[in-house]
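Trainee: Take this structure, written in structure tokens, and hold onto it; I'll ask about it next.
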Amino acid sequence: MSINLEQMSARLKDKIENYERILDISETGTVISVGDGIARVNGLTNVMAGEILEFSTGVKGMAQNLDLSNVGVIIFGDYRQVKEKDEVKRTGQIMSVPVGEELIGRVLDALGNPIDGLGALNAKKERPIEVKASGVMARKSVEEPLQTGIKSIDALVPIGRGQRELIIGDRQTGKTAIAVDTILNQKGQDVICVYVAIGQKESTVNSVVETLRRHDAMAYTVVISASASQPAPMLYVSPYTGVTIAEDFMYQGKHVLIVYDDLSKQAAAYRELSLLLQRPPGREAYPGDVFYLHSRLLERAAKLNDALGGGSITALPFIETQAGDLSAYVATNVISITDGQIFLKSNYFHSGIRPAIDAGLSVSRVGGAAQIKAMKKVAGTLRLDLASYRELEAFSQFGSDLDEETRKRLARGERTVEVLKQPVNQPIPVEKQVCVLYALINGYLDDIDVSEIGRFERELYQFLDNAHTAILDHIRTTKDLPEDAQLKVAIEAFKQAFKN
């Protein structure tokens, strides 16, 4: 066997010249203490704030406190798997979550992993959860309505695409019902919905998901669940995961509705983490940066300008109050960040006024800009009428002798309250809302018994669907009222038939 020394020499030379030296250098540290979802790690001198770290057991965490002697790490998942002296490795990555169309219709955990048993996500891209919010020049004013399908909101406190509207009230006052109805009403409206459940019972989240599935709303919805049984880091990070998923759609020029249910529990989780990390407590034991916690989250809701695609994120953050106290620390923080609030009153809720919206304390700072022309015309004086009715109602309890004008205003107020009541999971298209409010403000309900208002409304909708679809189509397409006589004649004809 002959050996060609020249060929062998050439091959060896080629190997030497193209030799690639690969070194796997990773900075590692050691756990010096662990407990309650927090680990103290020594030896990670170059770690970045917000960097993902990997423990030797496979559990992941995020660097939160960069102290001189050690690093405070919040642990995602079961912190009981992490022990003292375990090795911790830097990944060099800031926390990111999967984004894209593949997430629609899925239920995810706070880290973007699927928990619905429907298999892998197969998402093609990721985004970091902490990014700077869009600047002033990237935005445009809110001008397009986001219809909730709830009469008392669309008429009194309208919400526009790109707005941040706080929903605030005590426990068990119907906050989640408003969110679910708003999501249901986005069917066919070209809006993607993201529902973030923070600290809710798993049975409650399952119930919401089941309602959305039953109404075919999961076809345009992503659900993120950080349930009450999960550690505080998961509750803290879940809203950022939700808004990151929403932002990806917004930058594609799409419209997104995101619901944070609720941020009180995120603030409590952050307080727990901060105290365990030995950060100094402030008012109500919350850390000083709890305002920044929510402002950097809610500022990411925006209406982008046309040059950036014109997409939007509309945010509905929830805050739970104690005995209706709007002056609590977290409540006042979020009120000052948002563009208005919808306040739900527990005594209204328990007396059967649902949704239990207090028209006096609820406000939308976008206002008429987020309403169609037809709704502006019929709902113009509704808020004042309702507020004056509440005052008269309180006053009239102390006296029996009321003049005719006061009795009329009280009667109109009772009918207004009755019209604004609405069953859950039954959002009403805006064109039908306009018709019933037109009947109310023009006195067509004044001689209808209060107990019959609900039936009047239901049968009016059926009558318009069957005999006057042109009126509904006109309001839907032109966003304005039809010729006054046309709607007037239709309602008068219906009322005649209703009374007979």
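Letters A, B, ... mark the chains of the structure tokens in the order given; residue numbers begin at 1 per chain; ligand numbers begin at 1, in order shown.
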Report the residues of stretch 82-217 of chain A whose backbone DSSP state falls under alpha helix (DSSP H), written as a PDB file with N, CA, C and O atoms, in the first residue's frame.

Mentor:
ATOM      1  N   LYS A 151     -74.166  48.298  27.790  1.00  0.00           N
ATOM      2  CA  LYS A 151     -74.815  49.604  27.564  1.00  0.00           C
ATOM      3  C   LYS A 151     -74.273  50.690  28.481  1.00  0.00           C
ATOM      4  O   LYS A 151     -73.965  51.795  28.027  1.00  0.00           O
ATOM      5  N   SER A 152     -74.145  50.366  29.772  1.00  0.00           N
ATOM      6  CA  SER A 152     -73.753  51.403  30.727  1.00  0.00           C
ATOM      7  C   SER A 152     -72.316  51.869  30.509  1.00  0.00           C
ATOM      8  O   SER A 152     -71.967  52.994  30.867  1.00  0.00           O
ATOM      9  N   ILE A 153     -71.466  51.033  29.907  1.00  0.00           N
ATOM     10  CA  ILE A 153     -70.091  51.462  29.615  1.00  0.00           C
ATOM     11  C   ILE A 153     -70.046  52.207  28.290  1.00  0.00           C
ATOM     12  O   ILE A 153     -69.518  53.321  28.201  1.00  0.00           O
ATOM     13  N   ASP A 154     -70.618  51.626  27.233  1.00  0.00           N
ATOM     14  CA  ASP A 154     -70.553  52.263  25.912  1.00  0.00           C
ATOM     15  C   ASP A 154     -71.264  53.614  25.892  1.00  0.00           C
ATOM     16  O   ASP A 154     -70.907  54.493  25.111  1.00  0.00           O
ATOM     17  N   ALA A 155     -72.256  53.794  26.760  1.00  0.00           N
ATOM     18  CA  ALA A 155     -72.995  55.062  26.791  1.00  0.00           C
ATOM     19  C   ALA A 155     -72.366  56.066  27.760  1.00  0.00           C
ATOM     20  O   ALA A 155     -72.265  57.251  27.449  1.00  0.00           O
ATOM     21  N   LEU A 156     -71.938  55.600  28.953  1.00  0.00           N
ATOM     22  CA  LEU A 156     -71.505  56.529  30.008  1.00  0.00           C
ATOM     23  C   LEU A 156     -69.991  56.709  30.090  1.00  0.00           C
ATOM     24  O   LEU A 156     -69.509  57.813  30.303  1.00  0.00           O
ATOM     25  N   LYS A 175     -66.426  42.397  38.343  1.00  0.00           N
ATOM     26  CA  LYS A 175     -65.339  42.925  37.510  1.00  0.00           C
ATOM     27  C   LYS A 175     -64.994  41.957  36.379  1.00  0.00           C
ATOM     28  O   LYS A 175     -64.887  42.355  35.213  1.00  0.00           O
ATOM     29  N   THR A 176     -64.822  40.675  36.720  1.00  0.00           N
ATOM     30  CA  THR A 176     -64.462  39.675  35.697  1.00  0.00           C
ATOM     31  C   THR A 176     -65.564  39.534  34.663  1.00  0.00           C
ATOM     32  O   THR A 176     -65.289  39.345  33.468  1.00  0.00           O
ATOM     33  N   ALA A 177     -66.825  39.661  35.079  1.00  0.00           N
ATOM     34  CA  ALA A 177     -67.954  39.553  34.135  1.00  0.00           C
ATOM     35  C   ALA A 177     -67.865  40.640  33.069  1.00  0.00           C
ATOM     36  O   ALA A 177     -68.158  40.386  31.886  1.00  0.00           O
ATOM     37  N   ILE A 178     -67.445  41.853  33.460  1.00  0.00           N
ATOM     38  CA  ILE A 178     -67.283  42.949  32.484  1.00  0.00           C
ATOM     39  C   ILE A 178     -66.198  42.593  31.473  1.00  0.00           C
ATOM     40  O   ILE A 178     -66.361  42.785  30.264  1.00  0.00           O
ATOM     41  N   ALA A 179     -65.089  42.034  31.973  1.00  0.00           N
ATOM     42  CA  ALA A 179     -63.987  41.655  31.079  1.00  0.00           C
ATOM     43  C   ALA A 179     -64.424  40.572  30.097  1.00  0.00           C
ATOM     44  O   ALA A 179     -64.152  40.664  28.895  1.00  0.00           O
ATOM     45  N   VAL A 180     -65.106  39.562  30.598  1.00  0.00           N
ATOM     46  CA  VAL A 180     -65.532  38.447  29.738  1.00  0.00           C
ATOM     47  C   VAL A 180     -66.527  38.935  28.690  1.00  0.00           C
ATOM     48  O   VAL A 180     -66.413  38.591  27.505  1.00  0.00           O
ATOM     49  N   ASP A 181     -67.484  39.764  29.097  1.00  0.00           N
ATOM     50  CA  ASP A 181     -68.466  40.290  28.130  1.00  0.00           C
ATOM     51  C   ASP A 181     -67.780  41.135  27.062  1.00  0.00           C
ATOM     52  O   ASP A 181     -68.154  41.086  25.887  1.00  0.00           O
ATOM     53  N   THR A 182     -66.777  41.915  27.462  1.00  0.00           N
ATOM     54  CA  THR A 182     -66.038  42.747  26.499  1.00  0.00           C
ATOM     55  C   THR A 182     -65.296  41.867  25.498  1.00  0.00           C
ATOM     56  O   THR A 182     -65.281  42.157  24.294  1.00  0.00           O
ATOM     57  N   ILE A 183     -64.693  40.777  25.988  1.00  0.00           N
ATOM     58  CA  ILE A 183     -64.004  39.837  25.080  1.00  0.00           C
ATOM     59  C   ILE A 183     -65.007  39.193  24.130  1.00  0.00           C
ATOM     60  O   ILE A 183     -64.762  39.101  22.917  1.00  0.00           O
ATOM     61  N   LEU A 184     -66.156  38.774  24.659  1.00  0.00           N
ATOM     62  CA  LEU A 184     -67.185  38.142  23.803  1.00  0.00           C
ATOM     63  C   LEU A 184     -67.646  39.101  22.713  1.00  0.00           C
ATOM     64  O   LEU A 184     -67.925  38.691  21.577  1.00  0.00           O
ATOM     65  N   GLU A 202     -57.766  28.346  40.225  1.00  0.00           N
ATOM     66  CA  GLU A 202     -57.718  27.638  38.942  1.00  0.00           C
ATOM     67  C   GLU A 202     -59.124  27.317  38.444  1.00  0.00           C
ATOM     68  O   GLU A 202     -59.376  27.339  37.236  1.00  0.00           O
ATOM     69  N   SER A 203     -60.047  27.055  39.363  1.00  0.00           N
ATOM     70  CA  SER A 203     -61.431  26.762  38.961  1.00  0.00           C
ATOM     71  C   SER A 203     -62.076  27.982  38.316  1.00  0.00           C
ATOM     72  O   SER A 203     -62.853  27.862  37.359  1.00  0.00           O
ATOM     73  N   THR A 204     -61.730  29.190  38.818  1.00  0.00           N
ATOM     74  CA  THR A 204     -62.258  30.431  38.236  1.00  0.00           C
ATOM     75  C   THR A 204     -61.733  30.631  36.823  1.00  0.00           C
ATOM     76  O   THR A 204     -62.482  30.977  35.907  1.00  0.00           O
ATOM     77  N   VAL A 205     -60.427  30.398  36.642  1.00  0.00           N
ATOM     78  CA  VAL A 205     -59.828  30.547  35.310  1.00  0.00           C
ATOM     79  C   VAL A 205     -60.436  29.526  34.347  1.00  0.00           C
ATOM     80  O   VAL A 205     -60.769  29.854  33.201  1.00  0.00           O
ATOM     81  N   ASN A 206     -60.605  28.293  34.812  1.00  0.00           N
ATOM     82  CA  ASN A 206     -61.222  27.250  33.976  1.00  0.00           C
ATOM     83  C   ASN A 206     -62.632  27.641  33.553  1.00  0.00           C
ATOM     84  O   ASN A 206     -63.051  27.405  32.414  1.00  0.00           O
ATOM     85  N   SER A 207     -63.364  28.260  34.482  1.00  0.00           N
ATOM     86  CA  SER A 207     -64.732  28.701  34.194  1.00  0.00           C
ATOM     87  C   SER A 207     -64.736  29.784  33.108  1.00  0.00           C
ATOM     88  O   SER A 207     -65.567  29.762  32.195  1.00  0.00           O
ATOM     89  N   VAL A 208     -63.780  30.749  33.207  1.00  0.00           N
ATOM     90  CA  VAL A 208     -63.673  31.807  32.197  1.00  0.00           C
ATOM     91  C   VAL A 208     -63.342  31.207  30.839  1.00  0.00           C
ATOM     92  O   VAL A 208     -63.958  31.543  29.817  1.00  0.00           O
ATOM     93  N   VAL A 209     -62.356  30.295  30.807  1.00  0.00           N
ATOM     94  CA  VAL A 209     -61.942  29.661  29.546  1.00  0.00           C
ATOM     95  C   VAL A 209     -63.114  28.892  28.940  1.00  0.00           C
ATOM     96  O   VAL A 209     -63.351  28.936  27.723  1.00  0.00           O
ATOM     97  N   GLU A 210     -63.878  28.202  29.797  1.00  0.00           N
ATOM     98  CA  GLU A 210     -65.033  27.421  29.306  1.00  0.00           C
ATOM     99  C   GLU A 210     -66.092  28.347  28.708  1.00  0.00           C
ATOM    100  O   GLU A 210     -66.682  28.051  27.655  1.00  0.00           O
ATOM    101  N   THR A 211     -66.325  29.492  29.350  1.00  0.00           N
ATOM    102  CA  THR A 211     -67.285  30.476  28.813  1.00  0.00           C
ATOM    103  C   THR A 211     -66.825  30.986  27.454  1.00  0.00           C
ATOM    104  O   THR A 211     -67.619  31.094  26.510  1.00  0.00           O
ATOM    105  N   LEU A 212     -65.533  31.296  27.339  1.00  0.00           N
ATOM    106  CA  LEU A 212     -64.991  31.786  26.066  1.00  0.00           C
ATOM    107  C   LEU A 212     -65.098  30.721  24.980  1.00  0.00           C
ATOM    108  O   LEU A 212     -65.439  31.015  23.831  1.00  0.00           O
ATOM    109  N   ARG A 213     -64.838  29.460  25.357  1.00  0.00           N
ATOM    110  CA  ARG A 213     -64.941  28.371  24.361  1.00  0.00           C
ATOM    111  C   ARG A 213     -66.393  28.194  23.909  1.00  0.00           C
ATOM    112  O   ARG A 213     -66.662  27.987  22.727  1.00  0.00           O
ATOM    113  N   ARG A 214     -67.309  28.288  24.874  1.00  0.00           N
ATOM    114  CA  ARG A 214     -68.726  28.068  24.564  1.00  0.00           C
ATOM    115  C   ARG A 214     -69.239  29.110  23.574  1.00  0.00           C
ATOM    116  O   ARG A 214     -70.115  28.832  22.768  1.00  0.00           O
TER     117      ARG A 214
END

Trainee: Which of stretch 158-282 of chain A counts as strand (DSSP E) under DSSP, as a list of chain:residue names please?

Mentor: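 Answer for stretch 158-282 of chain A restricted to strand (DSSP E) is A:Leu166, A:Ile167, A:Ile168, A:Gly169, A:Val191, A:Ile192, A:Cys193, A:Val194, A:Tyr195, A:Val196, A:Ala197, A:Ile198, A:Thr221, A:Val222, A:Val223, A:Ile224, A:Ser225, A:Ala226, A:His255, A:Val256, A:Leu257, A:Ile258, A:Val259, A:Tyr260, A:Asp261.
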
Trainee: Using N, CA and C atoms, can you write the selected residues to a file as a PDB file, in the first residue's frame?

Mentor:
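Just written: out.pdb:
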ATOM      1  N   LEU A 166     -59.266  51.728  33.879  1.00  0.00           N
ATOM      2  CA  LEU A 166     -59.217  50.937  35.111  1.00  0.00           C
ATOM      3  C   LEU A 166     -60.614  50.454  35.493  1.00  0.00           C
ATOM      4  N   ILE A 167     -60.713  49.189  35.874  1.00  0.00           N
ATOM      5  CA  ILE A 167     -61.963  48.649  36.432  1.00  0.00           C
ATOM      6  C   ILE A 167     -61.688  48.364  37.901  1.00  0.00           C
ATOM      7  N   ILE A 168     -62.381  49.081  38.766  1.00  0.00           N
ATOM      8  CA  ILE A 168     -62.053  49.060  40.196  1.00  0.00           C
ATOM      9  C   ILE A 168     -63.303  48.829  41.032  1.00  0.00           C
ATOM     10  N   GLY A 169     -63.161  48.039  42.068  1.00  0.00           N
ATOM     11  CA  GLY A 169     -64.298  47.765  42.940  1.00  0.00           C
ATOM     12  C   GLY A 169     -63.947  46.682  43.935  1.00  0.00           C
ATOM     13  N   VAL A 191     -60.317  42.153  16.557  1.00  0.00           N
ATOM     14  CA  VAL A 191     -59.550  42.463  17.768  1.00  0.00           C
ATOM     15  C   VAL A 191     -59.079  41.145  18.384  1.00  0.00           C
ATOM     16  N   ILE A 192     -57.788  41.069  18.711  1.00  0.00           N
ATOM     17  CA  ILE A 192     -57.248  39.898  19.413  1.00  0.00           C
ATOM     18  C   ILE A 192     -57.286  40.213  20.909  1.00  0.00           C
ATOM     19  N   CYS A 193     -57.699  39.260  21.724  1.00  0.00           N
ATOM     20  CA  CYS A 193     -57.827  39.491  23.169  1.00  0.00           C
ATOM     21  C   CYS A 193     -56.786  38.671  23.936  1.00  0.00           C
ATOM     22  N   VAL A 194     -56.233  39.278  24.979  1.00  0.00           N
ATOM     23  CA  VAL A 194     -55.304  38.596  25.883  1.00  0.00           C
ATOM     24  C   VAL A 194     -55.863  38.750  27.291  1.00  0.00           C
ATOM     25  N   TYR A 195     -56.177  37.629  27.942  1.00  0.00           N
ATOM     26  CA  TYR A 195     -56.735  37.664  29.301  1.00  0.00           C
ATOM     27  C   TYR A 195     -55.670  37.128  30.255  1.00  0.00           C
ATOM     28  N   VAL A 196     -55.213  37.981  31.181  1.00  0.00           N
ATOM     29  CA  VAL A 196     -54.178  37.589  32.143  1.00  0.00           C
ATOM     30  C   VAL A 196     -54.832  37.425  33.512  1.00  0.00           C
ATOM     31  N   ALA A 197     -54.875  36.187  33.990  1.00  0.00           N
ATOM     32  CA  ALA A 197     -55.471  35.899  35.299  1.00  0.00           C
ATOM     33  C   ALA A 197     -54.348  35.834  36.327  1.00  0.00           C
ATOM     34  N   ILE A 198     -54.338  36.778  37.269  1.00  0.00           N
ATOM     35  CA  ILE A 198     -53.247  36.880  38.252  1.00  0.00           C
ATOM     36  C   ILE A 198     -53.796  36.533  39.631  1.00  0.00           C
ATOM     37  N   THR A 221     -58.481  34.629  21.229  1.00  0.00           N
ATOM     38  CA  THR A 221     -58.068  34.962  22.599  1.00  0.00           C
ATOM     39  C   THR A 221     -56.874  34.122  23.044  1.00  0.00           C
ATOM     40  N   VAL A 222     -55.974  34.756  23.798  1.00  0.00           N
ATOM     41  CA  VAL A 222     -54.880  34.057  24.482  1.00  0.00           C
ATOM     42  C   VAL A 222     -55.130  34.230  25.979  1.00  0.00           C
ATOM     43  N   VAL A 223     -55.062  33.130  26.745  1.00  0.00           N
ATOM     44  CA  VAL A 223     -55.259  33.205  28.197  1.00  0.00           C
ATOM     45  C   VAL A 223     -53.943  32.881  28.887  1.00  0.00           C
ATOM     46  N   ILE A 224     -53.536  33.741  29.823  1.00  0.00           N
ATOM     47  CA  ILE A 224     -52.331  33.509  30.628  1.00  0.00           C
ATOM     48  C   ILE A 224     -52.772  33.375  32.074  1.00  0.00           C
ATOM     49  N   SER A 225     -52.394  32.269  32.692  1.00  0.00           N
ATOM     50  CA  SER A 225     -52.850  32.005  34.052  1.00  0.00           C
ATOM     51  C   SER A 225     -51.672  31.843  35.004  1.00  0.00           C
ATOM     52  N   ALA A 226     -51.626  32.713  36.014  1.00  0.00           N
ATOM     53  CA  ALA A 226     -50.695  32.548  37.136  1.00  0.00           C
ATOM     54  C   ALA A 226     -51.590  32.396  38.361  1.00  0.00           C
ATOM     55  N   HIS A 255     -55.224  45.184  16.280  1.00  0.00           N
ATOM     56  CA  HIS A 255     -55.802  45.760  17.504  1.00  0.00           C
ATOM     57  C   HIS A 255     -55.908  44.667  18.562  1.00  0.00           C
ATOM     58  N   VAL A 256     -55.506  45.005  19.779  1.00  0.00           N
ATOM     59  CA  VAL A 256     -55.480  44.028  20.871  1.00  0.00           C
ATOM     60  C   VAL A 256     -56.189  44.607  22.095  1.00  0.00           C
ATOM     61  N   LEU A 257     -56.941  43.749  22.770  1.00  0.00           N
ATOM     62  CA  LEU A 257     -57.528  44.090  24.072  1.00  0.00           C
ATOM     63  C   LEU A 257     -56.843  43.207  25.103  1.00  0.00           C
ATOM     64  N   ILE A 258     -56.255  43.814  26.146  1.00  0.00           N
ATOM     65  CA  ILE A 258     -55.617  43.018  27.204  1.00  0.00           C
ATOM     66  C   ILE A 258     -56.271  43.320  28.546  1.00  0.00           C
ATOM     67  N   VAL A 259     -56.574  42.265  29.281  1.00  0.00           N
ATOM     68  CA  VAL A 259     -57.231  42.381  30.592  1.00  0.00           C
ATOM     69  C   VAL A 259     -56.271  41.858  31.651  1.00  0.00           C
ATOM     70  N   TYR A 260     -55.998  42.667  32.683  1.00  0.00           N
ATOM     71  CA  TYR A 260     -55.161  42.242  33.814  1.00  0.00           C
ATOM     72  C   TYR A 260     -56.074  42.015  35.016  1.00  0.00           C
ATOM     73  N   ASP A 261     -56.314  40.772  35.354  1.00  0.00           N
ATOM     74  CA  ASP A 261     -57.294  40.434  36.398  1.00  0.00           C
ATOM     75  C   ASP A 261     -56.604  39.681  37.549  1.00  0.00           C
TER      76      ASP A 261
END

Trainee: Quick one: everything within 12 Å of A:Leu384, counting only C-alpha atoms, minus sequence neighbours fewer than 5 positions away in the same chain. Send it as a PDB file with N, CA, C and O atoms, in the first residue's frame.

Mentor:
ATOM      1  N   LEU A 156     -71.938  55.600  28.953  1.00  0.00           N
ATOM      2  CA  LEU A 156     -71.505  56.529  30.008  1.00  0.00           C
ATOM      3  C   LEU A 156     -69.991  56.709  30.090  1.00  0.00           C
ATOM      4  O   LEU A 156     -69.509  57.813  30.303  1.00  0.00           O
ATOM      5  N   ALA A 359     -72.084  55.787  38.192  1.00  0.00           N
ATOM      6  CA  ALA A 359     -71.883  56.798  37.137  1.00  0.00           C
ATOM      7  C   ALA A 359     -71.192  58.053  37.668  1.00  0.00           C
ATOM      8  O   ALA A 359     -70.505  58.748  36.919  1.00  0.00           O
ATOM      9  N   GLY A 360     -71.340  58.334  38.958  1.00  0.00           N
ATOM     10  CA  GLY A 360     -70.731  59.532  39.531  1.00  0.00           C
ATOM     11  C   GLY A 360     -69.226  59.432  39.663  1.00  0.00           C
ATOM     12  O   GLY A 360     -68.510  60.404  39.454  1.00  0.00           O
ATOM     13  N   ALA A 379     -76.730  59.496  24.128  1.00  0.00           N
ATOM     14  CA  ALA A 379     -76.206  59.332  25.492  1.00  0.00           C
ATOM     15  C   ALA A 379     -75.674  60.640  26.072  1.00  0.00           C
ATOM     16  O   ALA A 379     -75.110  60.641  27.167  1.00  0.00           O
ATOM     17  N   TYR A 389     -80.700  61.808  39.314  1.00  0.00           N
ATOM     18  CA  TYR A 389     -81.674  60.841  39.846  1.00  0.00           C
ATOM     19  C   TYR A 389     -81.189  60.280  41.181  1.00  0.00           C
ATOM     20  O   TYR A 389     -81.970  60.160  42.130  1.00  0.00           O
ATOM     21  N   ARG A 390     -79.880  59.966  41.266  1.00  0.00           N
ATOM     22  CA  ARG A 390     -79.344  59.418  42.526  1.00  0.00           C
ATOM     23  C   ARG A 390     -79.493  60.428  43.664  1.00  0.00           C
ATOM     24  O   ARG A 390     -79.820  60.059  44.798  1.00  0.00           O
ATOM     25  N   GLU A 391     -79.276  61.706  43.367  1.00  0.00           N
ATOM     26  CA  GLU A 391     -79.424  62.743  44.399  1.00  0.00           C
ATOM     27  C   GLU A 391     -80.887  62.870  44.822  1.00  0.00           C
ATOM     28  O   GLU A 391     -81.200  62.953  46.002  1.00  0.00           O
ATOM     29  N   ARG A 409     -88.961  63.147  37.094  1.00  0.00           N
ATOM     30  CA  ARG A 409     -87.524  62.876  37.006  1.00  0.00           C
ATOM     31  C   ARG A 409     -87.158  61.577  37.715  1.00  0.00           C
ATOM     32  O   ARG A 409     -86.292  60.821  37.254  1.00  0.00           O
ATOM     33  N   GLY A 413     -85.592  58.355  35.956  1.00  0.00           N
ATOM     34  CA  GLY A 413     -84.374  57.775  36.530  1.00  0.00           C
ATOM     35  C   GLY A 413     -84.510  56.287  36.787  1.00  0.00           C
ATOM     36  O   GLY A 413     -83.594  55.513  36.494  1.00  0.00           O
ATOM     37  N   THR A 416     -84.222  54.594  33.528  1.00  0.00           N
ATOM     38  CA  THR A 416     -82.831  54.635  33.038  1.00  0.00           C
ATOM     39  C   THR A 416     -82.011  53.534  33.692  1.00  0.00           C
ATOM     40  O   THR A 416     -81.271  52.805  33.017  1.00  0.00           O
TER      41      THR A 416
END

Trainee: Pull the closest atom pair for each residue of stretch 354-416 of chain A that gets at most 12 Å from stretch 144-148 of chain A, along with the distance in Å to one decimal, counting only C-alpha atoms, ordering rows by chain and then ascending residue number, as CSV.

Mentor:
residue,atom,partner,partner_atom,distance
A:Val366,CA,A:Pro145,CA,9.9
A:Gly367,CA,A:Pro145,CA,9.9
A:Gly368,CA,A:Pro145,CA,9.2
A:Ala369,CA,A:Glu144,CA,7.3
A:Ala370,CA,A:Pro145,CA,4.3
A:Gln371,CA,A:Pro145,CA,5.6
A:Ile372,CA,A:Pro145,CA,7.1
A:Lys373,CA,A:Pro145,CA,10.8
A:Met375,CA,A:Pro145,CA,10.8
A:Lys376,CA,A:Pro145,CA,11.7

Trainee: Please produce an output containing N, CA, C and O atoms for each residue in the selection, written as an mmCIF file, in the first residue's frame.

Mentor:
data_model
loop_
_atom_site.group_PDB
_atom_site.id
_atom_site.type_symbol
_atom_site.label_atom_id
_atom_site.label_comp_id
_atom_site.auth_asym_id
_atom_site.auth_seq_id
_atom_site.Cartn_x
_atom_site.Cartn_y
_atom_site.Cartn_z
ATOM 1 N N VAL A 366 -61.081 59.864 27.721
ATOM 2 C CA VAL A 366 -61.134 59.946 26.257
ATOM 3 C C VAL A 366 -62.519 60.415 25.835
ATOM 4 O O VAL A 366 -62.687 61.208 24.918
ATOM 5 N N GLY A 367 -63.538 59.949 26.553
ATOM 6 C CA GLY A 367 -64.909 60.451 26.390
ATOM 7 C C GLY A 367 -65.482 60.265 25.005
ATOM 8 O O GLY A 367 -65.380 59.208 24.397
ATOM 9 N N GLY A 368 -66.095 61.336 24.489
ATOM 10 C CA GLY A 368 -66.822 61.274 23.218
ATOM 11 C C GLY A 368 -65.961 60.881 22.031
ATOM 12 O O GLY A 368 -66.485 60.425 21.014
ATOM 13 N N ALA A 369 -64.634 61.042 22.136
ATOM 14 C CA ALA A 369 -63.750 60.640 21.037
ATOM 15 C C ALA A 369 -63.842 59.144 20.794
ATOM 16 O O ALA A 369 -63.517 58.662 19.715
ATOM 17 N N ALA A 370 -64.280 58.401 21.805
ATOM 18 C CA ALA A 370 -64.378 56.946 21.685
ATOM 19 C C ALA A 370 -65.829 56.489 21.475
ATOM 20 O O ALA A 370 -66.162 55.351 21.767
ATOM 21 N N GLN A 371 -66.677 57.377 20.993
ATOM 22 C CA GLN A 371 -68.077 57.012 20.722
ATOM 23 C C GLN A 371 -68.432 57.298 19.276
ATOM 24 O O GLN A 371 -67.931 58.256 18.683
ATOM 25 N N ILE A 372 -69.330 56.477 18.739
ATOM 26 C CA ILE A 372 -69.843 56.775 17.402
ATOM 27 C C ILE A 372 -70.837 57.939 17.514
ATOM 28 O O ILE A 372 -71.362 58.214 18.597
ATOM 29 N N LYS A 373 -71.106 58.617 16.393
ATOM 30 C CA LYS A 373 -71.984 59.808 16.405
ATOM 31 C C LYS A 373 -73.354 59.489 16.981
ATOM 32 O O LYS A 373 -73.913 60.253 17.766
ATOM 33 N N MET A 375 -74.281 57.229 19.141
ATOM 34 C CA MET A 375 -74.265 57.055 20.596
ATOM 35 C C MET A 375 -74.093 58.401 21.289
ATOM 36 O O MET A 375 -74.712 58.655 22.328
ATOM 37 N N LYS A 376 -73.279 59.281 20.733
ATOM 38 C CA LYS A 376 -73.112 60.614 21.319
ATOM 39 C C LYS A 376 -74.452 61.334 21.421
ATOM 40 O O LYS A 376 -74.738 62.016 22.392
#

Trainee: Do a neighbour search on stretch 334-350 of chain A at 6 Å with only C-alpha atoms, toss out local chain neighbours closer than 2 positions, and write the hits as a PyMOL selection string.

Mentor: chain A and resi 164-169+173+331-332+352-354+356-358+362-365

Trainee: Please produce a file of the residues just selected, as a compact mmCIF listing (two decimals), in the first residue's frame, where the atoms kept are C-alpha atoms.

Mentor:
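What follows is the written file again_23.txt:
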# COMPACT_ATOMS: atom_id res chain seq x y z
CA ARG A 164 -56.19 52.31 29.53
CA GLU A 165 -59.43 52.11 31.51
CA LEU A 166 -59.22 50.94 35.11
CA ILE A 167 -61.96 48.65 36.43
CA ILE A 168 -62.05 49.06 40.20
CA GLY A 169 -64.30 47.76 42.94
CA THR A 173 -68.85 43.08 42.30
CA ALA A 331 -55.62 52.14 43.83
CA THR A 332 -54.47 55.79 43.68
CA GLY A 352 -79.57 43.74 41.58
CA ILE A 353 -78.16 46.66 39.54
CA ARG A 354 -75.74 44.77 37.31
CA ALA A 356 -72.98 47.78 39.27
CA ILE A 357 -71.40 50.89 37.73
CA ASP A 358 -71.36 54.08 39.79
CA SER A 362 -66.70 56.48 36.85
CA VAL A 363 -65.05 58.54 34.14
CA SER A 364 -63.42 58.15 30.74
CA ARG A 365 -60.78 60.77 29.96

Trainee: Which neighbours of A:Ala39 fall inside 12 Å, counting only C-alpha atoms, when residues of the same chain fewer than 3 positions from it are skipped, and could you give them as an MDAnalysis selection string?

Mentor: chainID A and resid 29:36 42 53:55 59:65 70:76 78:88 233 273 276:277

Trainee: So which residues touch A:Leu118 within 12 Å, counting only C-alpha atoms, skipping near sequence neighbours fewer than 3 positions away, as a list in words?

Mentor: Glu102, Leu103, Gly105, Arg106, Val107, Leu108, Asn113, Pro114, Ile115, Leu121 and Asn122 of chain A
